$ cat upload-v3.tsv   # TSV, N, CA and C atoms
chain	number	residue	atom	x	y	z
A	36	MET	N	0.84	-1.18	0.00
A	36	MET	CA	0.00	0.00	0.00
A	36	MET	C	0.87	1.23	0.00
A	37	LYS	N	0.50	2.21	-0.75
A	37	LYS	CA	1.26	3.44	-0.79
A	37	LYS	C	0.64	4.45	0.17
A	38	GLY	N	1.46	5.36	0.67
A	38	GLY	CA	0.94	6.46	1.44
A	38	GLY	C	0.88	6.24	2.94
A	39	TRP	N	1.35	5.10	3.43
A	39	TRP	CA	1.35	4.90	4.87
A	39	TRP	C	2.49	3.98	5.26
A	40	ARG	N	2.80	3.97	6.53
A	40	ARG	CA	3.80	3.05	7.06
A	40	ARG	C	3.52	2.84	8.54
A	41	ARG	N	3.95	1.75	9.05
A	41	ARG	CA	3.83	1.47	10.48
A	41	ARG	C	5.11	1.93	11.15
A	42	GLY	N	4.96	2.58	12.27
A	42	GLY	CA	6.14	3.02	13.02
A	42	GLY	C	6.90	1.83	13.57
A	43	ASN	N	8.22	1.90	13.58
A	43	ASN	CA	9.04	0.82	14.10
A	43	ASN	C	9.44	1.08	15.55
A	44	ALA	N	8.74	1.96	16.20
A	44	ALA	CA	9.08	2.33	17.57
A	44	ALA	C	8.68	1.22	18.54
A	45	PRO	N	9.31	1.17	19.70
A	45	PRO	CA	8.94	0.18	20.70
A	45	PRO	C	7.50	0.37	21.17
A	46	ALA	N	6.89	-0.71	21.65
A	46	ALA	CA	5.51	-0.64	22.14
A	46	ALA	C	5.38	0.42	23.22
A	47	GLY	N	4.30	1.18	23.16
A	47	GLY	CA	4.07	2.23	24.15
A	47	GLY	C	4.68	3.56	23.77
A	48	SER	N	5.45	3.59	22.70
A	48	SER	CA	6.07	4.84	22.26
A	48	SER	C	5.03	5.75	21.64
A	49	ALA	N	5.25	7.06	21.75
A	49	ALA	CA	4.32	8.04	21.17
A	49	ALA	C	4.30	7.96	19.65
A	50	SER	N	5.37	7.45	19.03
A	50	SER	CA	5.43	7.42	17.57
A	50	SER	C	4.94	6.10	16.99
A	51	GLN	N	4.48	5.18	17.84
A	51	GLN	CA	3.99	3.90	17.35
A	51	GLN	C	2.62	4.08	16.70
A	52	GLY	N	2.35	3.34	15.66
A	52	GLY	CA	1.04	3.37	15.01
A	52	GLY	C	1.13	3.76	13.56
A	53	LEU	N	-0.02	4.01	12.97
A	53	LEU	CA	-0.13	4.33	11.56
A	53	LEU	C	0.32	5.76	11.31
A	54	GLN	N	1.18	5.94	10.32
A	54	GLN	CA	1.65	7.26	9.93
A	54	GLN	C	1.32	7.47	8.46
A	55	ILE	N	0.78	8.63	8.14
A	55	ILE	CA	0.30	8.93	6.80
A	55	ILE	C	1.16	10.00	6.17
A	56	ARG	N	1.62	9.77	4.94
A	56	ARG	CA	2.40	10.77	4.23
A	56	ARG	C	1.45	11.82	3.67
A	57	ILE	N	1.70	13.09	4.01
A	57	ILE	CA	0.86	14.17	3.54
A	57	ILE	C	1.48	14.81	2.30
A	58	ASN	N	2.60	15.47	2.46
A	58	ASN	CA	3.29	16.12	1.34
A	58	ASN	C	4.75	16.36	1.72
A	59	GLU	N	5.50	16.99	0.83
A	59	GLU	CA	6.93	17.21	1.08
A	59	GLU	C	7.17	18.09	2.31
A	60	ALA	N	6.34	19.10	2.50
A	60	ALA	CA	6.55	20.02	3.62
A	60	ALA	C	6.18	19.40	4.96
A	61	VAL	N	5.10	18.65	5.00
A	61	VAL	CA	4.61	18.08	6.25
A	61	VAL	C	5.25	16.73	6.54
A	62	GLY	N	5.45	15.91	5.53
A	62	GLY	CA	6.02	14.58	5.71
A	62	GLY	C	4.96	13.61	6.23
A	63	PHE	N	5.36	12.71	7.14
A	63	PHE	CA	4.46	11.71	7.71
A	63	PHE	C	3.80	12.27	8.97
A	64	VAL	N	2.52	12.00	9.12
A	64	VAL	CA	1.75	12.48	10.26
A	64	VAL	C	1.12	11.28	10.96
A	65	HIS	N	1.16	11.29	12.28
A	65	HIS	CA	0.60	10.20	13.06
A	65	HIS	C	-0.92	10.19	12.95
A	66	GLU	N	-1.50	9.00	12.98
A	66	GLU	CA	-2.95	8.83	12.86
A	66	GLU	C	-3.73	9.66	13.87
A	67	ARG	N	-3.17	9.88	15.04
A	67	ARG	CA	-3.89	10.62	16.09
A	67	ARG	C	-4.08	12.09	15.75
A	68	LEU	N	-3.27	12.63	14.83
A	68	LEU	CA	-3.41	14.03	14.42
A	68	LEU	C	-4.42	14.20	13.30
A	69	MET	N	-4.80	13.10	12.66
A	69	MET	CA	-5.73	13.17	11.53
A	69	MET	C	-7.15	13.28	12.07
A	70	ARG	N	-7.80	14.40	11.78
A	70	ARG	CA	-9.17	14.61	12.23
A	70	ARG	C	-10.19	14.23	11.15
A	71	ARG	N	-9.86	14.56	9.89
A	71	ARG	CA	-10.78	14.18	8.81
A	71	ARG	C	-10.06	14.21	7.48
A	72	ILE	N	-10.58	13.44	6.53
A	72	ILE	CA	-10.11	13.44	5.15
A	72	ILE	C	-11.29	13.82	4.28
A	73	TYR	N	-11.06	14.71	3.33
A	73	TYR	CA	-12.14	15.23	2.50
A	73	TYR	C	-11.58	15.76	1.20
A	74	ARG	N	-12.47	16.14	0.28
A	74	ARG	CA	-12.10	16.79	-0.98
A	74	ARG	C	-12.45	18.26	-0.85
A	75	ASN	N	-11.55	19.15	-1.22
A	75	ASN	CA	-11.87	20.58	-1.16
A	75	ASN	C	-12.66	21.00	-2.40
A	76	LYS	N	-12.95	22.29	-2.52
A	76	LYS	CA	-13.82	22.78	-3.59
A	76	LYS	C	-13.27	22.51	-4.99
A	77	ILE	N	-11.94	22.45	-5.13
A	77	ILE	CA	-11.37	22.20	-6.45
A	77	ILE	C	-10.99	20.74	-6.66
A	78	GLY	N	-11.35	19.88	-5.70
A	78	GLY	CA	-11.16	18.44	-5.87
A	78	GLY	C	-9.88	17.86	-5.32
A	79	ASP	N	-9.06	18.65	-4.64
A	79	ASP	CA	-7.84	18.11	-4.04
A	79	ASP	C	-8.19	17.26	-2.82
A	80	TRP	N	-7.42	16.20	-2.62
A	80	TRP	CA	-7.57	15.38	-1.42
A	80	TRP	C	-6.89	16.13	-0.29
A	81	CYS	N	-7.62	16.36	0.80
A	81	CYS	CA	-7.10	17.15	1.92
A	81	CYS	C	-7.27	16.41	3.24
A	82	ALA	N	-6.48	16.82	4.21
A	82	ALA	CA	-6.61	16.30	5.57
A	82	ALA	C	-6.79	17.48	6.51
A	83	GLY	N	-7.65	17.29	7.48
A	83	GLY	CA	-7.76	18.24	8.58
A	83	GLY	C	-6.95	17.69	9.73
A	84	LEU	N	-5.94	18.42	10.14
A	84	LEU	CA	-5.06	17.96	11.21
A	84	LEU	C	-5.37	18.70	12.50
A	85	GLY	N	-5.34	17.98	13.59
A	85	GLY	CA	-5.50	18.58	14.90
A	85	GLY	C	-4.15	18.95	15.44
A	86	VAL	N	-3.93	20.23	15.65
A	86	VAL	CA	-2.66	20.71	16.19
A	86	VAL	C	-2.93	21.22	17.59
A	87	ASP	N	-2.22	20.72	18.56
A	87	ASP	CA	-2.40	21.10	19.97
A	87	ASP	C	-3.83	20.82	20.43
A	88	ASP	N	-4.47	19.81	19.87
A	88	ASP	CA	-5.84	19.43	20.20
A	88	ASP	C	-6.84	20.57	20.07
A	89	GLN	N	-6.51	21.62	19.33
A	89	GLN	CA	-7.42	22.75	19.18
A	89	GLN	C	-7.55	23.17	17.73
A	90	THR	N	-6.45	23.48	17.11
A	90	THR	CA	-6.47	24.06	15.78
A	90	THR	C	-6.63	22.98	14.72
A	91	LEU	N	-7.53	23.19	13.78
A	91	LEU	CA	-7.63	22.31	12.62
A	91	LEU	C	-6.98	23.01	11.45
A	92	GLU	N	-6.10	22.31	10.79
A	92	GLU	CA	-5.35	22.88	9.69
A	92	GLU	C	-5.58	22.03	8.45
A	93	GLU	N	-5.86	22.68	7.33
A	93	GLU	CA	-6.06	21.97	6.08
A	93	GLU	C	-4.74	21.79	5.37
A	94	VAL	N	-4.42	20.58	4.99
A	94	VAL	CA	-3.23	20.31	4.20
A	94	VAL	C	-3.64	19.45	3.00
A	95	VAL	N	-3.00	19.65	1.88
A	95	VAL	CA	-3.32	18.92	0.65
A	95	VAL	C	-2.31	17.79	0.49
A	96	PHE	N	-2.82	16.61	0.17
A	96	PHE	CA	-1.97	15.44	-0.04
A	96	PHE	C	-1.19	15.55	-1.34
A	97	ASP	N	0.12	15.23	-1.30
A	97	ASP	CA	0.89	14.99	-2.52
A	97	ASP	C	0.54	13.61	-3.08
A	98	HIS	N	0.35	12.67	-2.19
A	98	HIS	CA	-0.04	11.31	-2.56
A	98	HIS	C	-1.48	11.12	-2.12
A	99	HIS	N	-2.38	10.80	-3.06
A	99	HIS	CA	-3.74	10.51	-2.66
A	99	HIS	C	-3.72	9.32	-1.71
A	100	PRO	N	-4.48	9.37	-0.63
A	100	PRO	CA	-4.52	8.22	0.28
A	100	PRO	C	-5.22	7.05	-0.40
A	101	SER	N	-4.73	5.86	-0.18
A	101	SER	CA	-5.39	4.69	-0.75
A	101	SER	C	-6.64	4.38	0.06
A	102	VAL	N	-7.53	3.58	-0.52
A	102	VAL	CA	-8.76	3.19	0.16
A	102	VAL	C	-8.43	2.43	1.44
A	103	ALA	N	-7.45	1.53	1.39
A	103	ALA	CA	-7.06	0.77	2.58
A	103	ALA	C	-6.55	1.70	3.68
A	104	THR	N	-5.78	2.72	3.29
A	104	THR	CA	-5.29	3.69	4.27
A	104	THR	C	-6.45	4.44	4.90
A	105	MET	N	-7.40	4.88	4.07
A	105	MET	CA	-8.54	5.63	4.60
A	105	MET	C	-9.40	4.76	5.51
A	106	ARG	N	-9.55	3.50	5.18
A	106	ARG	CA	-10.32	2.60	6.06
A	106	ARG	C	-9.61	2.42	7.40
A	107	ALA	N	-8.29	2.27	7.35
A	107	ALA	CA	-7.52	2.13	8.59
A	107	ALA	C	-7.64	3.39	9.44
A	108	LEU	N	-7.58	4.55	8.81
A	108	LEU	CA	-7.74	5.81	9.54
A	108	LEU	C	-9.15	5.93	10.14
A	109	ARG	N	-10.13	5.49	9.38
A	109	ARG	CA	-11.51	5.56	9.87
A	109	ARG	C	-11.68	4.71	11.12
A	110	ILE	N	-11.06	3.55	11.14
A	110	ILE	CA	-11.10	2.68	12.31
A	110	ILE	C	-10.45	3.37	13.50
A	111	CYS	N	-9.41	4.16	13.24
A	111	CYS	CA	-8.70	4.88	14.30
A	111	CYS	C	-9.45	6.13	14.76
A	112	GLY	N	-10.57	6.47	14.10
A	112	GLY	CA	-11.38	7.60	14.55
A	112	GLY	C	-11.38	8.81	13.66
A	113	THR	N	-10.68	8.77	12.53
A	113	THR	CA	-10.67	9.89	11.60
A	113	THR	C	-12.03	9.99	10.90
A	114	GLU	N	-12.54	11.19	10.74
A	114	GLU	CA	-13.83	11.40	10.08
A	114	GLU	C	-13.66	11.30	8.56
A	115	ILE	N	-14.24	10.27	7.98
A	115	ILE	CA	-14.21	10.07	6.53
A	115	ILE	C	-15.59	9.57	6.13
A	116	SER	N	-16.27	10.32	5.28
A	116	SER	CA	-17.63	9.93	4.90
A	116	SER	C	-17.61	8.77	3.91
A	117	ASP	N	-18.74	8.08	3.83
A	117	ASP	CA	-18.86	6.94	2.92
A	117	ASP	C	-18.66	7.35	1.47
A	118	ASP	N	-19.17	8.53	1.09
A	118	ASP	CA	-19.02	8.93	-0.32
A	118	ASP	C	-17.57	9.27	-0.66
A	119	ILE	N	-16.79	9.71	0.32
A	119	ILE	CA	-15.35	9.93	0.08
A	119	ILE	C	-14.67	8.58	-0.12
A	120	LEU	N	-15.00	7.60	0.70
A	120	LEU	CA	-14.43	6.26	0.52
A	120	LEU	C	-14.84	5.67	-0.83
A	121	ASP	N	-16.07	5.93	-1.25
A	121	ASP	CA	-16.55	5.39	-2.53
A	121	ASP	C	-15.83	6.00	-3.73
A	122	GLN	N	-15.23	7.18	-3.56
A	122	GLN	CA	-14.49	7.79	-4.66
A	122	GLN	C	-13.19	7.04	-4.96
A	123	GLY	N	-12.71	6.29	-3.98
A	123	GLY	CA	-11.63	5.35	-4.21
A	123	GLY	C	-10.29	5.91	-4.65
A	124	ALA	N	-9.69	6.79	-3.88
A	124	ALA	CA	-8.34	7.25	-4.20
A	124	ALA	C	-7.41	6.04	-4.22
A	125	GLU	N	-6.43	6.08	-5.07
A	125	GLU	CA	-5.59	4.90	-5.31
A	125	GLU	C	-4.15	5.05	-4.88
A	126	GLY	N	-3.86	5.99	-4.00
A	126	GLY	CA	-2.49	6.17	-3.55
A	126	GLY	C	-1.61	6.78	-4.63
A	127	ILE	N	-2.18	7.61	-5.51
A	127	ILE	CA	-1.45	8.19	-6.64
A	127	ILE	C	-0.57	9.34	-6.18
A	128	ASN	N	0.67	9.37	-6.68
A	128	ASN	CA	1.58	10.47	-6.41
A	128	ASN	C	1.24	11.61	-7.36
A	129	MET	N	0.67	12.69	-6.83
A	129	MET	CA	0.21	13.79	-7.67
A	129	MET	C	1.31	14.79	-8.01
A	130	ARG	N	2.45	14.73	-7.34
A	130	ARG	CA	3.52	15.69	-7.64
A	130	ARG	C	3.99	15.55	-9.07
A	131	ARG	N	4.02	14.33	-9.60
A	131	ARG	CA	4.47	14.12	-10.98
A	131	ARG	C	3.50	14.71	-11.99
A	132	ARG	N	2.22	14.81	-11.62
A	132	ARG	CA	1.20	15.31	-12.53
A	132	ARG	C	1.01	16.81	-12.43
A	133	ALA	N	1.49	17.40	-11.36
A	133	ALA	CA	1.31	18.84	-11.16
A	133	ALA	C	2.29	19.61	-12.04
A	134	ARG	N	1.82	20.73	-12.56
A	134	ARG	CA	2.67	21.59	-13.37
A	134	ARG	C	2.69	22.98	-12.77
A	135	PRO	N	3.81	23.68	-12.88
A	135	PRO	CA	3.82	25.07	-12.42
A	135	PRO	C	2.79	25.89	-13.16
A	136	ALA	N	2.27	26.94	-12.53
A	136	ALA	CA	1.21	27.75	-13.13
A	136	ALA	C	1.62	28.37	-14.45
A	137	ASP	N	2.89	28.73	-14.62
A	137	ASP	CA	3.32	29.38	-15.86
A	137	ASP	C	3.33	28.42	-17.04
A	138	GLU	N	3.40	27.11	-16.81
A	138	GLU	CA	3.38	26.13	-17.89
A	138	GLU	C	1.98	25.91	-18.45
A	139	GLU	N	0.94	26.20	-17.66
A	139	GLU	CA	-0.42	25.95	-18.10
A	139	GLU	C	-0.84	26.83	-19.25
A	140	ASP	N	-0.22	28.01	-19.39
A	140	ASP	CA	-0.61	28.93	-20.44
A	140	ASP	C	0.10	28.67	-21.76
A	141	ARG	N	1.03	27.75	-21.77
A	141	ARG	CA	1.81	27.50	-22.99
A	141	ARG	C	1.06	26.61	-23.95

$ encode --input "upload-v3.tsv" --output "structure tokens"
Amino acid sequence: MKGWRRGNAPAGSASQGLQIRINEAVGFVHERLMRRIYRNKIGDWCAGLGVDDQTLEEVVFDHHPSVATMRALRICGTEISDDILDQGAEGINMRRRARPADEEDR
């Protein structure tokens, strides 16, 4: 499966558990910080992260989360609606498909 990994930390460690790759800037995020996965108005796959148990921050995935990853997150308590799961992201790396804004006009 793409887009996730299990922590190799000892049992009871704060870093143990499912970690999800968000993007180059954020890197891997622990399942406990994931509050919800959704599509924004322009169709990007996004995550709402809980920072300091108060602030929700929207981040856009570089790699679409796979269905298996989203199901695992849902089991861990992340809010993911059935219609989002039905859209079936496939763990696609979107960085290769993205183009700089100046290239779009050519």

$ atom_distance --input "upload-v3.tsv" --atom1 "atom C of Gly78 in chain A" --atom2 "atom C of Glu66 in chain A"
21.8 Å

$ atom_distance --input "upload-v3.tsv" --atom1 "atom C of Leu68 in chain A" --atom2 "atom C of Ser116 in chain A"
17.1 Å

$ residues_around --input "upload-v3.tsv" --residues "Glu92 in chain A" --least-positions-apart "5" --cutoff "7 Å" --atoms "only C-alpha atoms" --output "ChimeraX atom specification"
/A:83-85

$ closest_residue --input "upload-v3.tsv" --among "A:Glu114, A:Asp97, A:Asp87, A:Asp121" --to "Ile57 in chain A" --atoms "all atoms listed in the file"
A:Asp97

$ atom_distance --input "upload-v3.tsv" --atom1 "CA of Gln89 in chain A" --atom2 "CA of His65 in chain A"
16.1 Å

$ select_by_dssp --input "upload-v3.tsv" --residues "range 52-135 of chain A" --states "helix (DSSP H, G or I)" --output "NGL selection string"
:A and (66-68 or 102-110 or 117-122)

$ write_last_selection --input "upload-v3.tsv" --atoms "N, CA and C atoms" --output "mmCIF file, in the coordinates of the input"
data_model
loop_
_atom_site.group_PDB
_atom_site.id
_atom_site.type_symbol
_atom_site.label_atom_id
_atom_site.label_comp_id
_atom_site.auth_asym_id
_atom_site.auth_seq_id
_atom_site.Cartn_x
_atom_site.Cartn_y
_atom_site.Cartn_z
ATOM 1 N N GLU A 66 -1.500 9.000 12.980
ATOM 2 C CA GLU A 66 -2.950 8.830 12.860
ATOM 3 C C GLU A 66 -3.730 9.660 13.870
ATOM 4 N N ARG A 67 -3.170 9.880 15.040
ATOM 5 C CA ARG A 67 -3.890 10.620 16.090
ATOM 6 C C ARG A 67 -4.080 12.090 15.750
ATOM 7 N N LEU A 68 -3.270 12.630 14.830
ATOM 8 C CA LEU A 68 -3.410 14.030 14.420
ATOM 9 C C LEU A 68 -4.420 14.200 13.300
ATOM 10 N N VAL A 102 -7.530 3.580 -0.520
ATOM 11 C CA VAL A 102 -8.760 3.190 0.160
ATOM 12 C C VAL A 102 -8.430 2.430 1.440
ATOM 13 N N ALA A 103 -7.450 1.530 1.390
ATOM 14 C CA ALA A 103 -7.060 0.770 2.580
ATOM 15 C C ALA A 103 -6.550 1.700 3.680
ATOM 16 N N THR A 104 -5.780 2.720 3.290
ATOM 17 C CA THR A 104 -5.290 3.690 4.270
ATOM 18 C C THR A 104 -6.450 4.440 4.900
ATOM 19 N N MET A 105 -7.400 4.880 4.070
ATOM 20 C CA MET A 105 -8.540 5.630 4.600
ATOM 21 C C MET A 105 -9.400 4.760 5.510
ATOM 22 N N ARG A 106 -9.550 3.500 5.180
ATOM 23 C CA ARG A 106 -10.320 2.600 6.060
ATOM 24 C C ARG A 106 -9.610 2.420 7.400
ATOM 25 N N ALA A 107 -8.290 2.270 7.350
ATOM 26 C CA ALA A 107 -7.520 2.130 8.590
ATOM 27 C C ALA A 107 -7.640 3.390 9.440
ATOM 28 N N LEU A 108 -7.580 4.550 8.810
ATOM 29 C CA LEU A 108 -7.740 5.810 9.540
ATOM 30 C C LEU A 108 -9.150 5.930 10.140
ATOM 31 N N ARG A 109 -10.130 5.490 9.380
ATOM 32 C CA ARG A 109 -11.510 5.560 9.870
ATOM 33 C C ARG A 109 -11.680 4.710 11.120
ATOM 34 N N ILE A 110 -11.060 3.550 11.140
ATOM 35 C CA ILE A 110 -11.100 2.680 12.310
ATOM 36 C C ILE A 110 -10.450 3.370 13.500
ATOM 37 N N ASP A 117 -18.740 8.080 3.830
ATOM 38 C CA ASP A 117 -18.860 6.940 2.920
ATOM 39 C C ASP A 117 -18.660 7.350 1.470
ATOM 40 N N ASP A 118 -19.170 8.530 1.090
ATOM 41 C CA ASP A 118 -19.020 8.930 -0.320
ATOM 42 C C ASP A 118 -17.570 9.270 -0.660
ATOM 43 N N ILE A 119 -16.790 9.710 0.320
ATOM 44 C CA ILE A 119 -15.350 9.930 0.080
ATOM 45 C C ILE A 119 -14.670 8.580 -0.120
ATOM 46 N N LEU A 120 -15.000 7.600 0.700
ATOM 47 C CA LEU A 120 -14.430 6.260 0.520
ATOM 48 C C LEU A 120 -14.840 5.670 -0.830
ATOM 49 N N ASP A 121 -16.070 5.930 -1.250
ATOM 50 C CA ASP A 121 -16.550 5.390 -2.530
ATOM 51 C C ASP A 121 -15.830 6.000 -3.730
ATOM 52 N N GLN A 122 -15.230 7.180 -3.560
ATOM 53 C CA GLN A 122 -14.490 7.790 -4.660
ATOM 54 C C GLN A 122 -13.190 7.040 -4.960
#
